[in-house]
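With mmCIF, C-alpha atoms inside, this is work.cif:
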```
data_entry
loop_
_atom_site.group_PDB
_atom_site.id
_atom_site.type_symbol
_atom_site.label_atom_id
_atom_site.label_comp_id
_atom_site.auth_asym_id
_atom_site.auth_seq_id
_atom_site.Cartn_x
_atom_site.Cartn_y
_atom_site.Cartn_z
ATOM 1 C CA GLN S 1 -35.749 -38.431 -192.852
ATOM 2 C CA VAL S 2 -32.560 -39.813 -191.349
ATOM 3 C CA GLN S 3 -31.269 -43.346 -191.778
ATOM 4 C CA LEU S 4 -28.767 -44.702 -189.284
ATOM 5 C CA VAL S 5 -26.458 -47.682 -189.703
ATOM 6 C CA GLU S 6 -24.350 -48.960 -186.802
ATOM 7 C CA SER S 7 -21.171 -50.985 -187.103
ATOM 8 C CA GLY S 8 -18.240 -52.074 -184.982
ATOM 9 C CA GLY S 9 -19.854 -54.503 -182.601
ATOM 10 C CA GLY S 10 -18.404 -57.895 -181.827
ATOM 11 C CA LEU S 11 -17.050 -60.266 -179.227
ATOM 12 C CA VAL S 12 -14.343 -59.014 -176.886
ATOM 13 C CA GLN S 13 -12.814 -60.172 -173.618
ATOM 14 C CA ALA S 14 -13.370 -58.238 -170.424
ATOM 15 C CA GLY S 15 -10.993 -55.305 -170.252
ATOM 16 C CA GLY S 16 -10.902 -54.945 -174.008
ATOM 17 C CA SER S 17 -12.075 -52.144 -176.268
ATOM 18 C CA LEU S 18 -14.433 -51.602 -179.159
ATOM 19 C CA ARG S 19 -15.387 -48.570 -181.198
ATOM 20 C CA LEU S 20 -18.911 -48.357 -182.497
ATOM 21 C CA SER S 21 -19.747 -46.176 -185.470
ATOM 22 C CA CYS S 22 -23.091 -44.863 -186.619
ATOM 23 C CA ALA S 23 -23.301 -43.506 -190.150
ATOM 24 C CA ALA S 24 -26.210 -41.192 -190.901
ATOM 25 C CA SER S 25 -27.769 -40.348 -194.234
ATOM 26 C CA GLY S 26 -29.093 -36.925 -195.092
ATOM 27 C CA ARG S 27 -27.614 -33.477 -195.235
ATOM 28 C CA THR S 28 -29.220 -32.311 -191.994
ATOM 29 C CA PHE S 29 -27.119 -34.522 -189.724
ATOM 30 C CA ILE S 30 -25.569 -31.481 -188.107
ATOM 31 C CA SER S 31 -28.947 -30.363 -186.798
ATOM 32 C CA TYR S 32 -29.497 -33.578 -184.854
ATOM 33 C CA ALA S 33 -28.363 -34.533 -181.408
ATOM 34 C CA MET S 34 -27.223 -38.148 -181.288
ATOM 35 C CA GLY S 35 -27.501 -40.819 -178.654
ATOM 36 C CA TRP S 36 -26.345 -44.349 -177.967
ATOM 37 C CA PHE S 37 -28.649 -46.761 -176.171
ATOM 38 C CA ARG S 38 -28.379 -50.445 -175.335
ATOM 39 C CA GLN S 39 -30.681 -53.325 -174.613
ATOM 40 C CA ALA S 40 -29.644 -56.505 -172.874
ATOM 41 C CA PRO S 41 -31.755 -59.684 -173.073
ATOM 42 C CA GLY S 42 -34.809 -59.420 -170.878
ATOM 43 C CA LYS S 43 -34.162 -55.792 -170.027
ATOM 44 C CA GLU S 44 -35.509 -52.476 -171.205
ATOM 45 C CA ARG S 45 -33.569 -50.285 -173.580
ATOM 46 C CA GLU S 46 -31.420 -47.865 -171.615
ATOM 47 C CA PHE S 47 -29.529 -44.671 -172.227
ATOM 48 C CA VAL S 48 -25.740 -44.945 -172.604
ATOM 49 C CA ALA S 49 -24.426 -41.636 -173.967
ATOM 50 C CA ALA S 50 -25.480 -38.607 -175.976
ATOM 51 C CA ILE S 51 -23.904 -35.669 -177.751
ATOM 52 C CA SER S 52 -25.384 -32.364 -178.845
ATOM 53 C CA TRP S 53 -25.433 -31.282 -182.480
ATOM 54 C CA GLY S 54 -22.173 -29.336 -182.252
ATOM 55 C CA GLY S 55 -20.485 -31.738 -179.873
ATOM 56 C CA GLY S 56 -20.284 -29.195 -177.085
ATOM 57 C CA SER S 57 -22.404 -31.188 -174.660
ATOM 58 C CA THR S 58 -21.996 -34.848 -173.820
ATOM 59 C CA TYR S 59 -23.739 -37.053 -171.282
ATOM 60 C CA TYR S 60 -23.141 -40.555 -169.981
ATOM 61 C CA THR S 61 -24.927 -42.986 -167.784
ATOM 62 C CA ASP S 62 -23.046 -43.482 -164.531
ATOM 63 C CA SER S 63 -22.007 -47.056 -165.260
ATOM 64 C CA VAL S 64 -19.935 -46.054 -168.311
ATOM 65 C CA LYS S 65 -18.440 -42.752 -167.160
ATOM 66 C CA GLY S 66 -14.671 -42.808 -167.491
ATOM 67 C CA ARG S 67 -14.797 -45.835 -169.802
ATOM 68 C CA PHE S 68 -16.891 -44.760 -172.801
ATOM 69 C CA THR S 69 -16.481 -41.675 -174.974
ATOM 70 C CA ILE S 70 -19.018 -40.368 -177.465
ATOM 71 C CA SER S 71 -17.888 -38.151 -180.330
ATOM 72 C CA ARG S 72 -19.114 -37.029 -183.717
ATOM 73 C CA ASP S 73 -17.663 -35.982 -187.046
ATOM 74 C CA ASN S 74 -20.231 -33.809 -188.776
ATOM 75 C CA ALA S 75 -18.190 -33.727 -191.976
ATOM 76 C CA LYS S 76 -18.565 -37.518 -192.175
ATOM 77 C CA ASN S 77 -22.133 -37.688 -190.821
ATOM 78 C CA THR S 78 -20.889 -40.164 -188.236
ATOM 79 C CA VAL S 79 -21.112 -40.546 -184.482
ATOM 80 C CA TYR S 80 -18.801 -42.828 -182.520
ATOM 81 C CA LEU S 81 -18.802 -44.617 -179.202
ATOM 82 C CA GLN S 82 -15.347 -45.585 -177.968
ATOM 83 C CA MET S 83 -15.730 -48.267 -175.329
ATOM 84 C CA ASN S 84 -12.758 -49.127 -173.130
ATOM 85 C CA SER S 85 -12.350 -51.402 -170.112
ATOM 86 C CA LEU S 86 -15.379 -53.374 -171.193
ATOM 87 C CA LYS S 87 -17.205 -55.498 -168.651
ATOM 88 C CA PRO S 88 -19.516 -58.500 -169.111
ATOM 89 C CA GLU S 89 -22.419 -56.310 -167.956
ATOM 90 C CA ASP S 90 -21.864 -54.124 -171.042
ATOM 91 C CA THR S 91 -23.114 -56.997 -173.184
ATOM 92 C CA ALA S 92 -26.134 -55.797 -175.162
ATOM 93 C CA VAL S 93 -27.394 -54.694 -178.533
ATOM 94 C CA TYR S 94 -26.275 -51.105 -179.004
ATOM 95 C CA TYR S 95 -28.431 -48.658 -180.933
ATOM 96 C CA CYS S 96 -27.710 -45.179 -182.159
ATOM 97 C CA ALA S 97 -30.507 -42.675 -182.401
ATOM 98 C CA ALA S 98 -31.092 -39.138 -183.621
ATOM 99 C CA ARG S 99 -33.298 -36.368 -182.312
ATOM 100 C CA PRO S 100 -33.770 -32.858 -183.699
ATOM 101 C CA GLY S 101 -31.762 -30.327 -181.713
ATOM 102 C CA GLY S 102 -31.469 -30.197 -177.973
ATOM 103 C CA SER S 103 -28.442 -29.960 -175.734
ATOM 104 C CA SER S 104 -29.699 -30.462 -172.210
ATOM 105 C CA TRP S 105 -29.586 -33.679 -170.218
ATOM 106 C CA ARG S 106 -33.357 -33.514 -169.803
ATOM 107 C CA LEU S 107 -33.776 -33.783 -173.572
ATOM 108 C CA LEU S 108 -30.827 -35.932 -174.640
ATOM 109 C CA GLY S 109 -31.234 -38.449 -171.856
ATOM 110 C CA ASN S 110 -34.863 -39.126 -172.731
ATOM 111 C CA LEU S 111 -35.264 -42.154 -174.996
ATOM 112 C CA SER S 112 -38.737 -41.070 -176.112
ATOM 113 C CA GLY S 113 -37.404 -37.886 -177.705
ATOM 114 C CA TYR S 114 -35.423 -39.687 -180.385
ATOM 115 C CA ASP S 115 -37.110 -39.888 -183.773
ATOM 116 C CA TYR S 116 -34.748 -42.126 -185.725
ATOM 117 C CA TRP S 117 -33.083 -45.388 -184.746
ATOM 118 C CA GLY S 118 -30.538 -47.717 -186.269
ATOM 119 C CA GLN S 119 -30.921 -51.481 -186.475
ATOM 120 C CA GLY S 120 -28.473 -52.145 -183.661
ATOM 121 C CA THR S 121 -25.124 -53.880 -183.331
ATOM 122 C CA GLN S 122 -24.343 -56.687 -180.897
ATOM 123 C CA VAL S 123 -21.620 -56.221 -178.307
ATOM 124 C CA THR S 124 -20.638 -59.298 -176.306
ATOM 125 C CA VAL S 125 -18.073 -59.105 -173.523
ATOM 126 C CA SER S 126 -16.775 -62.423 -172.209
ATOM 127 C CA SER S 127 -15.438 -62.856 -168.698
#
```
Using structure tokens, write down the structure that the file contains.
Amino acid sequence: QVQLVESGGGLVQAGGSLRLSCAASGRTFISYAMGWFRQAPGKEREFVAAISWGGGSTYYTDSVKGRFTISRDNAKNTVYLQMNSLKPEDTAVYYCAARPGGSSWRLLGNLSGYDYWGQGTQVTVSS
């Protein structure tokens, strides 16, 4: 069992930055690949970024490439999402999620493969 708690969301002006954190419980954190997803009002939840268990593989949706960076600190059981140059269209509830193993895009980019989810943190970008 893995419990995930996100933090770091908030209100920011366009062009600003935020860093989201996701703290995981359990001693098996290192064996999980981690992902960030988001859901805007009236839209389906979508993939944002993912990182393999060792951090050697990372993936991003096209709309955030060059602006967002996913990283993890296995000693702290925490995964991060650094978000720079934020745009109003980034406004959404952001969720972190964990899935056992995997390092390929086919696995990490698939929402249905994630077993554990956090409660979400709101990110609002004003224009």
Can you turn the PyMOL selection byres ((chain S and resi 94) around 6) into a concrete residue list for this file, as an NGL selection string? :S and (37-38 or 93 or 95 or 120-121)
Reference answer for the PyMOL selection byres ((chain S and resi 1-5) around 10), as number ranges by chain: S: 6-7, 21-29, 32, 77-79, 95-99, 115-121
Run through the PyMOL selection byres ((chain S and resi 85-92) around 7) on the given coordinates and return the selected residues as a list in words. Ala14, Gly15, Gly16, Ser17, Arg38, Gln39, Ala40, Arg67, Met83, Asn84, Val93, Tyr94, Gln122, Val123, Thr124, Val125, Ser126 and Ser127 of chain S
Same residues, C-alpha atoms, saved as a short mmCIF file (atom, residue, chain, number, x, y, z; two decimals), in the frame of the given file:
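Written file, again-v2.cif:
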```cif
data_model
loop_
_atom_site.label_atom_id
_atom_site.label_comp_id
_atom_site.auth_asym_id
_atom_site.auth_seq_id
_atom_site.Cartn_x
_atom_site.Cartn_y
_atom_site.Cartn_z
CA ALA S 14 -13.37 -58.24 -170.42
CA GLY S 15 -10.99 -55.30 -170.25
CA GLY S 16 -10.90 -54.94 -174.01
CA SER S 17 -12.08 -52.14 -176.27
CA ARG S 38 -28.38 -50.44 -175.34
CA GLN S 39 -30.68 -53.32 -174.61
CA ALA S 40 -29.64 -56.50 -172.87
CA ARG S 67 -14.80 -45.84 -169.80
CA MET S 83 -15.73 -48.27 -175.33
CA ASN S 84 -12.76 -49.13 -173.13
CA VAL S 93 -27.39 -54.69 -178.53
CA TYR S 94 -26.28 -51.10 -179.00
CA GLN S 122 -24.34 -56.69 -180.90
CA VAL S 123 -21.62 -56.22 -178.31
CA THR S 124 -20.64 -59.30 -176.31
CA VAL S 125 -18.07 -59.10 -173.52
CA SER S 126 -16.77 -62.42 -172.21
CA SER S 127 -15.44 -62.86 -168.70
#
```
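Counting all atoms listed in the file, the residue from S:Trp105, S:Tyr114, S:Tyr60, S:Phe68 that sits nearest to Val48 in chain S is S:Tyr60.
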Find the residue from S:Leu11, S:Leu107, S:Met34, S:Ala49 that sits nearest to Arg72 in chain S; use all atoms listed in the file when measuring.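 Looking at the shortest contact to Arg72 in chain S, the residue is S:Met34.
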Give the centre and edge lengths of an axis-aligned box, in Å to one decimal, that holds all listed atoms of range 16-33 of chain S with 4 Å on each side, as lines of an AutoDock Vina configuration file.
```
center_x = -20.2
center_y = -42.7
center_z = -184.6
size_x = 26.6
size_y = 32.6
size_z = 29.2
```
Pick from S:Ser71, S:Leu81, S:Ser63, S:Gly102 nearest to Ala33 in chain S, counting all atoms listed in the file: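 Answer, going by the shortest atom-to-atom distance: S:Gly102.
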Go ahead and compute the interatomic distance for CA of Pro41 in chain S and CA of Gly66 in chain S, in Å to one decimal. 24.7 Å
Please, what distance in Å, to one decimal, runs between CA of Asp62 in chain S and CA of Gly113 in chain S?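 Taking CA of Asp62 in chain S as the start and CA of Gly113 in chain S as the end point, the length is 20.3 Å.
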Between S:Phe47, S:Val64, S:Asn74, S:Tyr80, single out the one closest to Leu108 in chain S, counting all atoms listed in the file.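 So, comparing all the options, the nearest one is S:Phe47.
For the atom pair formed by CA of Gly54 in chain S and CA of Asp73 in chain S, the distance is 9.4 Å, given to one decimal.
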Rank S:Ile30, S:Arg106, S:Val12, S:Glu44 by their smallest atom-to-atom distance to Ala75 in chain S, using all atoms listed in the file, and report the top residue only. S:Ile30
Would you mind telling me which residue in S:Ser31, S:Leu20, S:Gly42, S:Gly10 lies nearest to Thr69 in chain S when using only C-alpha atoms? S:Leu20
